[in-house]
Each structure stands twice: as C-alpha cells, then as structure tokens.
Amino acid sequence: MLLDSHTISTVPPSVIYIPNFINADEEKEIIDKVYSAPKPKWTQLKNRRLQNWGGIPHPKGMIPEKIPDWLQKYVDKVTALQVFDEGSSPNHVLVNEYLAGQGIMPHLDGPLFFPVVTTISCGSHTILNFFPYSGTASDADLSTAKKVYSLLLEPRSLLVLKNEMYKNYMHGIEEIKSDEINDQINNLDACCEKYSIKEDVSRSTRISLTIRNVPKCSNFKLRF
C-alpha cells in the first residue's frame, strides 16, 4: 500500500508524511488563491491569520458552505488516500498563514473533528513538536510540557496524524525565525531534501491547509 512506505515508525501510531504531495505549480496556485480571497475571509489572531472554508466548526453543528473548486481538488486528492473512514470524507479546510517567527501553542484538535488531521504545507518549512497530553491544557501545563517528538514539514508535503498521535499528543510550533536541524527530528530520513545536523534553516511565510472532517453539521446550508 502506498501509505505504508510513508508511515513514520519512530513515533506512536500514526504519522504519515508524504514529501512533494503537490508540485510547485499547485503550490503557487494555492498561495495565489489564498491571497486573492476577499479580505473579510481572513480572521486575525494574535500570532497568525486564518481562513475557514466549508463552514465554521461549532459544538452545535457547522453550517456547511461550498468549498471553492480550486480548493476542493486538493480535498479530493487527500480523500483519495483513504485515510478517513468511509462516510467521513473531509468537509472543512482551515488555512493558516504563519510569518517567520510565528507559531501556535501546543494544542489538541479536539472532538469537533473526526480524529484524523491532514495538512498540506506551502511556501516554507516548519517544525511541528509534540507533547504528551495530561488531560488538561492550562497555561501551567504548557509551560512545563516536555517535547517528545518533532516532525519537519517541508513545502509541498502532506502530513497525516491519526490514532494515538491525534488523541494523546498535543502539537505546536515554536515562535522562532529559524530551526536547527537535529537528530531528534523523527521524519528526517523521510524528507525529500538532505539536511545536515546542526544546519540552521530559515523560515519564510508558510501557508498551511488543514483538511479535516467535521462530523456534526447543521441541515441548513449556505450557498453563494
């Protein structure tokens, strides 16, 4: 099976990492389309901007919106890998913009989503770190959390997290402008580029597409 050769064996189940999942032209299309979206589509957070496509997840149910064709083709490409259970096809895309030096606190994606997360990276690499989840995620917990795994996400790559790695480990990105390559990066051998230990790799602007399934949706649909 195609995915077997891309499964990272040095972490708990399951991490799938596929370098060059999209090509350079597709990457450019994604970046161009993201930046041509209407200004109201952006939500500004303290440390990054984001866009929701397909609706806004909510505990009472997401009101579905049609995903535009340019984005749907990448949803379909991920769906074709069959990493989601039958009947749980992706219906939501979260677009995040990370400038160099921006990141995200360790977190779980949580119960609003089917327990599989897939992420396409565009524009820049980043390093995603993992921390054991103790049952709470307070500021005090995060300040003492110990990193146990790291993954290097290259531009044009696809990352799939499921099973134990989805449920039992928080993931986050440090707010730094460059990353030192080290032998604690669990997927270094699976990367398409060859890196040297202690090599310093500068970040630039990264666009990520997080493609997921929101099981609970309202019967009301928005159409544009």
# chains A, B, ... in the order shown; residues from 1 in each chain; ligands from 1
>>> select_by_dssp(residues="stretch 10-188 of chain A", states="alpha helix (DSSP H)", output="MDAnalysis selection string")
chainID A and resid 24:35 69:79 139:144 164:167
>>> residues_around(residues="A:Thr7", least_positions_apart="6", cutoff="12 Å", atoms="only C-alpha atoms", output="ChimeraX atom specification")
/A:1,13-19,83,158-162,186-187,189-190
>>> closest_residue(among="A:Leu50, A:Leu112, A:Ile104, A:Ile197", to="A:Pro215", atoms="only C-alpha atoms")
A:Leu112
>>> select_by_dssp(residues="stretch 89-144 of chain A", states="strand (DSSP E or B)", output="list in words")
His92, Val93, Leu94, Val95, Asn96, Glu97, Tyr98, Ile104, Met105, Pro106, His107, Val116, Val117, Thr118, Thr119, Ile120, Ser121, Cys122, Thr126, Ile127, Leu128, Asn129, Phe130, Phe131 and Pro132 of chain A
